[in-house]
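J.: Input file: model30.txt. Contents: compact mmCIF, C-alpha atoms.
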```txt
# COMPACT_ATOMS: atom_id res chain seq x y z
CA MET A 19 3.17 15.47 -52.78
CA GLU A 20 5.96 13.56 -54.47
CA ARG A 21 5.86 13.46 -58.27
CA ILE A 22 5.46 9.68 -58.31
CA GLU A 23 2.37 10.04 -56.09
CA ALA A 24 0.91 12.59 -58.49
CA ILE A 25 1.65 10.28 -61.44
CA LYS A 26 -0.07 7.41 -59.58
CA LYS A 27 -3.18 9.48 -58.88
CA ILE A 28 -3.45 10.69 -62.47
CA VAL A 29 -2.81 7.27 -64.01
CA GLU A 30 -5.59 5.76 -61.86
CA ASN A 31 -8.00 7.95 -63.84
CA LEU A 32 -6.65 7.03 -67.26
CA ASP A 33 -8.18 4.37 -69.45
CA ASP A 34 -7.23 4.40 -73.12
CA GLU A 35 -5.81 7.91 -73.29
CA LEU A 36 -2.43 8.11 -75.03
CA VAL A 37 0.41 9.39 -72.84
CA ILE A 38 3.58 11.12 -74.04
CA CYS A 39 5.98 11.14 -71.10
CA ASN A 40 8.98 13.39 -70.60
CA ILE A 41 12.60 12.17 -70.54
CA GLY A 42 14.35 11.10 -67.34
CA PHE A 43 12.78 10.25 -64.02
CA PRO A 44 9.19 11.10 -65.03
CA SER A 45 9.26 8.29 -67.61
CA ARG A 46 10.98 5.92 -65.19
CA GLU A 47 8.43 6.70 -62.50
CA LEU A 48 5.49 6.25 -64.87
CA TYR A 49 6.95 2.94 -66.07
CA ALA A 50 7.34 1.79 -62.45
CA VAL A 51 3.82 2.89 -61.48
CA LYS A 52 2.21 1.27 -64.50
CA ASP A 53 3.40 0.18 -67.92
CA SER A 54 0.99 0.25 -70.83
CA PRO A 55 1.06 0.23 -74.65
CA THR A 56 -0.66 3.62 -74.39
CA HIS A 57 2.59 5.09 -72.99
CA PHE A 58 5.37 6.62 -75.05
CA TYR A 59 8.49 6.99 -72.92
CA MET A 60 10.96 9.62 -74.07
CA LEU A 61 14.61 8.68 -73.67
CA GLY A 62 16.08 11.81 -75.25
CA SER A 63 15.13 15.11 -76.92
CA MET A 64 14.48 17.14 -73.75
CA GLY A 65 11.75 19.71 -74.25
CA MET A 66 9.94 17.83 -77.02
CA ALA A 67 7.14 16.14 -75.01
CA SER A 68 4.69 18.98 -75.61
CA SER A 69 5.53 19.08 -79.33
CA ILE A 70 5.23 15.32 -79.82
CA GLY A 71 1.92 15.42 -77.95
CA LEU A 72 0.63 18.23 -80.15
CA GLY A 73 1.56 16.43 -83.39
CA LEU A 74 -0.12 13.28 -82.14
CA ALA A 75 -3.25 15.10 -80.97
CA LEU A 76 -3.60 16.68 -84.42
CA SER A 77 -3.35 13.23 -86.04
CA THR A 78 -5.71 11.11 -83.96
CA LYS A 79 -9.18 11.43 -82.49
CA ARG A 80 -8.01 9.81 -79.28
CA LYS A 81 -7.29 11.84 -76.18
CA VAL A 82 -3.60 12.66 -75.68
CA VAL A 83 -2.09 13.43 -72.28
CA VAL A 84 1.40 14.96 -72.09
CA PHE A 85 3.44 14.55 -68.90
CA ASP A 86 6.00 17.34 -69.01
CA GLY A 87 8.30 19.04 -66.51
CA ASP A 88 9.01 22.66 -65.65
CA GLY A 89 12.58 22.57 -66.98
CA SER A 90 11.44 21.03 -70.25
CA VAL A 91 8.62 23.53 -70.72
CA LEU A 92 11.08 26.38 -70.18
CA MET A 93 13.31 24.83 -72.85
CA ASN A 94 10.55 24.83 -75.47
CA MET A 95 8.10 27.57 -74.52
CA GLY A 96 7.24 28.27 -78.15
CA THR A 97 5.11 25.13 -78.24
CA LEU A 98 2.69 26.68 -75.71
CA VAL A 99 1.86 29.27 -78.35
CA THR A 100 1.61 26.67 -81.11
CA ILE A 101 -0.70 24.45 -79.00
CA PHE A 102 -2.99 27.38 -78.24
CA SER A 103 -3.07 28.46 -81.89
CA GLN A 104 -3.76 24.94 -83.22
CA ASN A 105 -6.37 24.45 -80.49
CA PRO A 106 -6.53 20.60 -80.30
CA GLU A 107 -9.61 19.65 -78.29
CA ASN A 108 -8.14 16.25 -77.41
CA LEU A 109 -4.90 17.47 -75.77
CA ILE A 110 -4.23 17.61 -72.03
CA PHE A 111 -0.92 19.17 -71.12
CA VAL A 112 0.22 18.30 -67.58
CA VAL A 113 3.32 19.99 -66.19
CA PHE A 114 4.85 18.45 -63.08
CA ASP A 115 6.53 21.50 -61.57
CA ASN A 116 9.11 20.73 -58.89
CA GLN A 117 10.97 23.99 -59.58
CA CYS A 118 14.14 22.11 -60.40
CA TYR A 119 15.93 19.98 -62.99
CA GLY A 120 15.25 16.82 -61.02
CA SER A 121 16.98 14.34 -63.32
CA THR A 122 20.30 16.19 -63.36
CA GLY A 123 20.88 16.96 -59.69
CA SER A 124 18.03 19.30 -58.75
CA GLN A 125 19.43 22.61 -60.00
CA CYS A 126 16.76 25.33 -59.60
CA THR A 127 14.65 26.35 -62.61
CA TYR A 128 13.15 29.80 -63.18
CA THR A 129 9.72 28.51 -62.11
CA THR A 130 10.97 29.56 -58.66
CA LYS A 131 10.43 33.08 -60.05
CA VAL A 132 7.70 32.77 -62.69
CA ASP A 133 4.34 31.02 -62.57
CA LEU A 134 3.70 28.61 -65.44
CA TYR A 135 -0.02 28.62 -64.67
CA GLU A 136 -0.20 32.39 -65.22
CA ILE A 137 1.86 32.03 -68.39
CA ALA A 138 -0.52 29.40 -69.77
CA LYS A 139 -3.52 31.57 -68.92
CA SER A 140 -1.97 34.62 -70.55
CA VAL A 141 -1.21 32.62 -73.70
CA GLY A 142 -4.93 31.97 -73.83
CA PHE A 143 -5.55 28.44 -72.53
CA LYS A 144 -9.25 28.42 -71.58
CA ASN A 145 -9.24 25.38 -69.35
CA THR A 146 -6.46 25.57 -66.80
CA PHE A 147 -6.06 23.73 -63.52
CA VAL A 148 -3.61 23.99 -60.69
CA PHE A 149 -3.23 21.14 -58.21
CA GLU A 150 -1.02 20.72 -55.19
CA GLU A 151 -2.52 18.55 -52.43
CA GLU A 152 -5.55 17.11 -54.21
CA ILE A 153 -5.97 16.13 -57.85
CA SER A 154 -9.38 15.95 -59.51
CA PHE A 155 -8.24 14.52 -62.80
CA ASN A 156 -11.72 13.38 -63.85
CA GLU A 157 -12.65 17.01 -64.13
CA VAL A 158 -9.61 17.55 -66.34
CA LEU A 159 -10.59 14.61 -68.55
CA ASN A 160 -14.09 16.04 -68.97
CA SER A 161 -12.83 19.49 -69.99
CA LYS A 162 -12.52 20.58 -73.58
CA GLY A 163 -8.92 20.83 -74.71
CA PRO A 164 -6.38 22.06 -74.98
CA VAL A 165 -6.19 21.83 -71.19
CA PHE A 166 -3.25 23.05 -69.14
CA VAL A 167 -2.63 21.39 -65.78
CA HIS A 168 -0.10 22.89 -63.42
CA MET A 169 0.78 20.07 -61.03
CA LYS A 170 2.94 21.35 -58.20
CA VAL A 171 5.11 18.61 -56.72
CA LYS A 172 8.03 18.29 -54.33
CA PRO A 173 11.55 18.03 -55.72
CA GLY A 174 13.16 14.59 -55.70
CA ASN A 175 12.95 11.36 -57.64
CA ALA A 176 11.62 7.97 -56.59
CA ASP A 177 14.06 5.07 -56.40
CA VAL A 178 12.96 3.37 -59.60
CA PRO A 179 14.98 1.42 -62.19
CA VAL A 180 15.73 2.50 -65.75
CA ILE A 181 13.28 1.43 -68.44
CA ASP A 182 14.30 -1.97 -69.77
CA MET A 183 12.72 -1.55 -73.20
CA GLU A 184 14.52 -0.71 -76.44
CA PRO A 185 13.51 2.64 -77.98
CA GLU A 186 12.23 0.84 -81.06
CA GLU A 187 10.10 -1.46 -78.95
CA ILE A 188 8.58 1.53 -77.11
CA LYS A 189 7.72 3.17 -80.43
CA GLU A 190 6.42 0.11 -82.27
CA ARG A 191 4.19 -0.93 -79.39
CA PHE A 192 2.88 2.62 -79.02
CA MET A 193 2.14 2.99 -82.74
CA GLU A 194 0.27 -0.34 -82.79
CA GLU A 195 -1.82 0.94 -79.90
CA VAL A 196 -2.54 4.28 -81.60
CA LYS A 197 -3.74 2.40 -84.70
CA ARG A 198 -6.07 0.18 -82.68
CA LYS A 199 -8.79 2.86 -82.42
CA MET B 5 7.64 24.12 -114.57
CA ASP B 6 7.80 26.59 -111.69
CA SER B 7 10.10 25.54 -108.80
CA SER B 8 7.50 26.05 -106.07
CA GLU B 9 4.83 24.20 -108.01
CA ALA B 10 7.23 21.29 -108.55
CA VAL B 11 7.94 20.98 -104.82
CA TYR B 12 4.23 21.11 -103.98
CA LYS B 13 3.31 18.56 -106.66
CA ALA B 14 6.11 16.30 -105.46
CA LEU B 15 4.80 16.45 -101.88
CA LYS B 16 1.35 15.49 -103.15
CA LYS B 17 2.79 12.65 -105.20
CA ALA B 18 4.64 11.45 -102.10
CA GLU B 19 1.30 11.50 -100.21
CA ILE B 20 2.66 13.86 -97.59
CA ASP B 21 -0.34 14.83 -95.47
CA PHE B 22 1.23 16.65 -92.52
CA VAL B 23 3.52 19.64 -92.95
CA VAL B 24 5.14 21.92 -90.40
CA SER B 25 6.77 25.08 -91.65
CA LEU B 26 9.02 27.98 -90.81
CA PRO B 27 9.15 31.05 -92.93
CA CYS B 28 11.63 31.23 -95.79
CA VAL B 29 11.58 33.63 -98.69
CA ASN B 30 12.22 30.81 -101.19
CA LEU B 31 9.66 28.38 -99.74
CA GLY B 32 6.95 31.00 -99.33
CA LYS B 33 4.88 29.98 -102.33
CA VAL B 34 5.08 26.28 -101.42
CA MET B 35 3.80 27.14 -97.95
CA GLU B 36 0.84 29.01 -99.43
CA MET B 37 -0.06 26.01 -101.61
CA VAL B 38 0.26 23.63 -98.67
CA ASP B 39 -1.87 25.91 -96.53
CA CYS B 40 -4.66 25.95 -99.12
CA ASP B 41 -4.69 22.16 -99.46
CA PRO B 42 -7.51 20.60 -97.38
CA GLU B 43 -5.78 17.20 -97.53
CA ILE B 44 -2.69 18.49 -95.74
CA THR B 45 -2.58 19.45 -92.06
CA HIS B 46 -0.34 22.53 -92.02
CA VAL B 47 1.18 23.67 -88.72
CA PRO B 48 3.34 26.80 -88.74
CA VAL B 49 5.80 26.46 -85.85
CA THR B 50 7.99 28.78 -83.80
CA ARG B 51 11.28 26.89 -84.10
CA GLU B 52 12.62 24.03 -86.21
CA GLU B 53 13.26 21.74 -83.22
CA GLU B 54 9.63 22.08 -82.20
CA GLY B 55 8.60 21.28 -85.77
CA PHE B 56 10.53 18.01 -85.69
CA GLY B 57 8.86 17.10 -82.38
CA ILE B 58 5.40 17.79 -83.81
CA CYS B 59 6.15 15.73 -86.93
CA ALA B 60 7.29 12.77 -84.81
CA GLY B 61 3.95 12.87 -82.97
CA ALA B 62 2.10 13.09 -86.29
CA PHE B 63 4.00 10.06 -87.57
CA PHE B 64 2.97 8.14 -84.43
CA GLY B 65 -0.59 9.10 -85.36
CA GLY B 66 -0.22 7.59 -88.84
CA LYS B 67 0.65 10.69 -90.88
CA ASN B 68 3.33 11.15 -93.54
CA PRO B 69 5.23 14.19 -92.24
CA ALA B 70 7.45 16.80 -93.85
CA ILE B 71 9.10 19.98 -92.60
CA LEU B 72 9.58 23.07 -94.74
CA MET B 73 12.49 25.07 -93.36
CA GLN B 74 15.55 27.12 -94.07
CA ASN B 75 18.93 25.46 -93.47
CA SER B 76 19.75 27.95 -90.68
CA GLY B 77 17.32 26.03 -88.45
CA LEU B 78 19.18 22.76 -88.84
CA GLY B 79 21.57 23.95 -86.16
CA ASN B 80 18.90 24.07 -83.49
CA SER B 81 17.50 20.67 -84.49
CA VAL B 82 20.58 18.51 -84.01
CA ASN B 83 19.56 16.99 -80.68
CA VAL B 84 16.00 16.16 -81.74
CA LEU B 85 17.30 14.53 -84.93
CA ALA B 86 19.76 12.40 -82.96
CA SER B 87 17.96 11.56 -79.73
CA LEU B 88 14.42 11.28 -81.11
CA TYR B 89 14.60 10.49 -84.84
CA GLU B 90 17.71 8.33 -84.92
CA LEU B 91 17.05 6.71 -81.55
CA TYR B 92 13.47 5.66 -82.37
CA TYR B 93 13.86 5.19 -86.16
CA ILE B 94 11.40 7.88 -87.28
CA PRO B 95 11.08 8.98 -90.93
CA ILE B 96 10.51 12.54 -92.15
CA LEU B 97 11.07 14.49 -95.32
CA ILE B 98 13.18 17.58 -94.63
CA ILE B 99 12.56 20.11 -97.39
CA MET B 100 15.24 22.67 -96.81
CA SER B 101 15.91 25.91 -98.60
CA HIS B 102 19.71 26.02 -98.68
CA ARG B 103 20.84 29.60 -98.28
CA GLY B 104 24.48 30.62 -98.39
CA THR B 105 25.02 28.70 -101.61
CA GLU B 106 25.98 29.90 -105.10
CA GLY B 107 24.41 33.30 -105.81
CA GLU B 108 23.81 34.23 -102.17
CA PHE B 109 23.58 37.98 -101.78
CA MET B 110 23.80 38.05 -98.00
CA GLY B 111 27.17 37.25 -96.46
CA ALA B 112 25.60 36.37 -93.12
CA GLN B 113 24.00 33.28 -94.68
CA VAL B 114 27.31 31.81 -95.84
CA PRO B 115 28.70 30.25 -92.61
CA MET B 116 25.57 28.16 -91.92
CA GLY B 117 25.22 27.45 -95.63
CA LYS B 118 28.69 25.92 -95.63
CA ALA B 119 28.10 24.00 -92.39
CA THR B 120 24.80 22.43 -93.48
CA PRO B 121 26.03 19.41 -95.50
CA GLY B 122 28.59 18.56 -92.79
CA ILE B 123 25.93 18.60 -90.07
CA LEU B 124 23.74 16.24 -92.11
CA ASP B 125 26.76 13.98 -92.76
CA THR B 126 27.58 13.87 -89.05
CA LEU B 127 23.99 12.90 -88.28
CA ASN B 128 24.10 10.22 -91.02
CA ILE B 129 21.16 11.86 -92.76
CA ALA B 130 21.20 11.31 -96.50
CA TYR B 131 20.32 14.29 -98.68
CA ILE B 132 19.75 15.09 -102.32
CA ASN B 133 20.21 18.38 -104.17
CA PRO B 134 17.77 18.47 -107.06
CA LYS B 135 18.91 21.15 -109.52
CA THR B 136 15.71 21.57 -111.55
CA PRO B 137 11.95 21.46 -110.90
CA GLU B 138 11.73 18.26 -113.00
CA GLU B 139 14.38 16.59 -110.87
CA ALA B 140 12.63 17.70 -107.65
CA LEU B 141 9.35 16.25 -108.89
CA LYS B 142 11.09 12.92 -109.38
CA VAL B 143 13.36 12.67 -106.33
CA ILE B 144 11.07 14.02 -103.59
CA PRO B 145 8.50 11.18 -103.79
CA GLU B 146 11.32 8.63 -104.13
CA SER B 147 13.01 10.11 -101.07
CA TRP B 148 9.88 9.74 -98.97
CA ILE B 149 9.62 6.06 -99.90
CA LEU B 150 13.27 5.63 -98.93
CA SER B 151 12.72 7.55 -95.68
CA LYS B 152 9.79 5.32 -94.71
CA VAL B 153 11.52 2.06 -95.63
CA ALA B 154 14.84 2.99 -94.03
CA ARG B 155 13.02 4.66 -91.12
CA THR B 156 15.29 7.68 -91.18
CA PRO B 157 14.98 11.36 -92.09
CA ILE B 158 15.97 12.34 -95.65
CA GLY B 159 16.97 15.86 -96.63
CA ILE B 160 16.10 17.66 -99.84
CA LEU B 161 18.46 20.63 -100.15
CA LEU B 162 17.17 23.29 -102.50
CA GLU B 163 20.04 25.65 -103.27
CA ILE B 164 19.64 29.23 -104.46
CA PRO B 165 19.92 28.44 -108.23
CA PHE B 166 17.01 25.98 -107.90
CA TRP B 167 14.66 28.90 -107.21
CA LYS B 168 15.84 31.05 -110.13
```
Rewrite the structure from the file as structure tokens, please.
T.:
Amino acid sequence: MERIEAIKKIVENLDDELVICNIGFPSRELYAVKDSPTHFYMLGSMGMASSIGLGLALSTKRKVVVFDGDGSVLMNMGTLVTIFSQNPENLIFVVFDNQCYGSTGSQCTYTTKVDLYEIAKSVGFKNTFVFEEEISFNEVLNSKGPVFVHMKVKPGNADVPVIDMEPEEIKERFMEEVKRK
Amino acid sequence: MDSSEAVYKALKKAEIDFVVSLPCVNLGKVMEMVDCDPEITHVPVTREEEGFGICAGAFFGGKNPAILMQNSGLGNSVNVLASLYELYYIPILIIMSHRGTEGEFMGAQVPMGKATPGILDTLNIAYINPKTPEEALKVIPESWILSKVARTPIGILLEIPFWK
């Protein structure tokens, strides 16, 4: 399935979970599918989605969902180890794996050769899921974190516009939302 | 007053309640004190850049974050400081052991030691070099207030003589 389809299917299951979304097309696609104060859209700092999500999960009782990509995970693999060691029960780490750097012209990533799901399992993640055709995200939401979700998607980006919000506006709105509960 | 104790007390006075850390021989005792403090969430990290990402998330969650690091790691944090911290106006206290300064015994530390202030200048990150424990105790809490109000990272550079 296309990544935007996967995002749609996952977002349908979300209620007041906080979402940290990776830079580039994933954020643009999420914004086009549904905008919400519970979303933090990254506009820079490639690789940091998992880290931002971990820091947030350690600082709130609310459930945190990270939307990351294969290229970004490969750029910051150390955080996998830190997430496992800190063991936040409220963190769901979703990796949309299209085996390429989709936002920069679809250059291949090394996930064509290594399996992120196996890596997550070997790090020690207890609850791991892999989805390709079907997504049962309710099951993911009911699992104790940290949860690792390997979401295999096709390469390619949807034809969606850039996010027309200022970075400050994205942050302020998100922080107000985090405070609400 | 002991240097490490001054830094720890200053963090407490600043109401820092979330600390990420990377190992450094000079900051070792501060890290132990932070780790024993039930009021502070302490997250050892694998790389400075990751630490900055985690602190940004903690700030979104309402925490007052600080990073304990050696200046060598500033090099691999440039992008996160520019395209996350500067872009979104996020505060953080950067407590940095500044190796390669006066009294350095290891030549390998000198190039990054010399480059450190210039990197901070280029990123428009203000920094202070307290010379004594008493000065650190005073400027660290003030720097956090400034960081929060100005919504920007502030660096505290602790050079080799500070630890003597």
J.: As a PyMOL selection string, could you give me every residue of chain B near chain A (at most 6 Å apart, counting only C-alpha atoms)?
T.: chain B and resi 50+54+57-62+64-65+84+87-88+92
J.: Could you tell me how far CA of Phe114 (chain A) sits from CA of Ile25 (chain A), in Å to one decimal place?
T.: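 Separation between CA of Ile25 (chain A) and CA of Phe114 (chain A): 8.9 Å.
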J.: Identify, on the basis of only C-alpha atoms, every residue whose closest approach to Val38 (chain B) does not exceed 8 Å; exclude the query and any residue fewer than 6 positions from it along the same chain; express the result as an MDAnalysis selection string.
T.: chainID B and resid 12 23 44 46
J.: Which polymer residues have any atom within 6 Å of an atom of region 95-105 of chain B, counting all atoms listed in the file, with same-chain residues fewer than 2 positions away left out, as a list in words?
T.: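 Listing them by chain and then by number gives Pro69, Ala70, Ile71, Leu72, Met73, Gln74, Asn75, Glu108, Gln113, Val114, Gly117, Ser151, Lys152, Arg155, Thr156, Pro157, Ile158, Gly159, Ile160, Leu161, Leu162 and Glu163 of chain B.
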J.: Would you compute the distance between CA of Ser7 (chain B) and CA of Phe22 (chain B)? Give it in Å to one decimal.
T.: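 Going from CA of Ser7 (chain B) over to CA of Phe22 (chain B) covers 20.6 Å.
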J.: Of the residues A:Thr130, A:Asn160, A:Thr146, A:Asn116, which is the one nearest to Ala24 (chain A), using all atoms listed in the file?
T.: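 Of A:Thr130, A:Asn160, A:Thr146, A:Asn116, the one nearest Ala24 (chain A), counting all atoms listed in the file, is A:Asn116.
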J.: Can you measure CA of Val11 (chain B) to CA of Ala140 (chain B) for me? One decimal in Å is fine.
T.: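 Computing it gives 6.4 Å between the two atoms.
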J.: Which one is closest to Val141 (chain A): A:Phe166, A:Arg191, A:Pro173, A:Thr122? Count all atoms listed in the file.
T.: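 Under the stated criterion, the closest residue is A:Phe166.
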J.: What residues have an atom no more than 7 Å from (4.5, 18.0, -63.9) in the file's own frame, counting all atoms listed in the file, and can you write them as a list in words?
T.: Phe85, Asp86, Gly87, Asp88, Val112, Val113, Phe114, Asp115, His168, Met169 and Lys170 of chain A
J.: Using only C-alpha atoms, which residue out of A:Phe43, A:Leu36, A:Phe155, A:Phe147 lies closest to His57 (chain A)?
T.: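 Looking only at the distances to His57 (chain A), the closest residue turns out to be A:Leu36.
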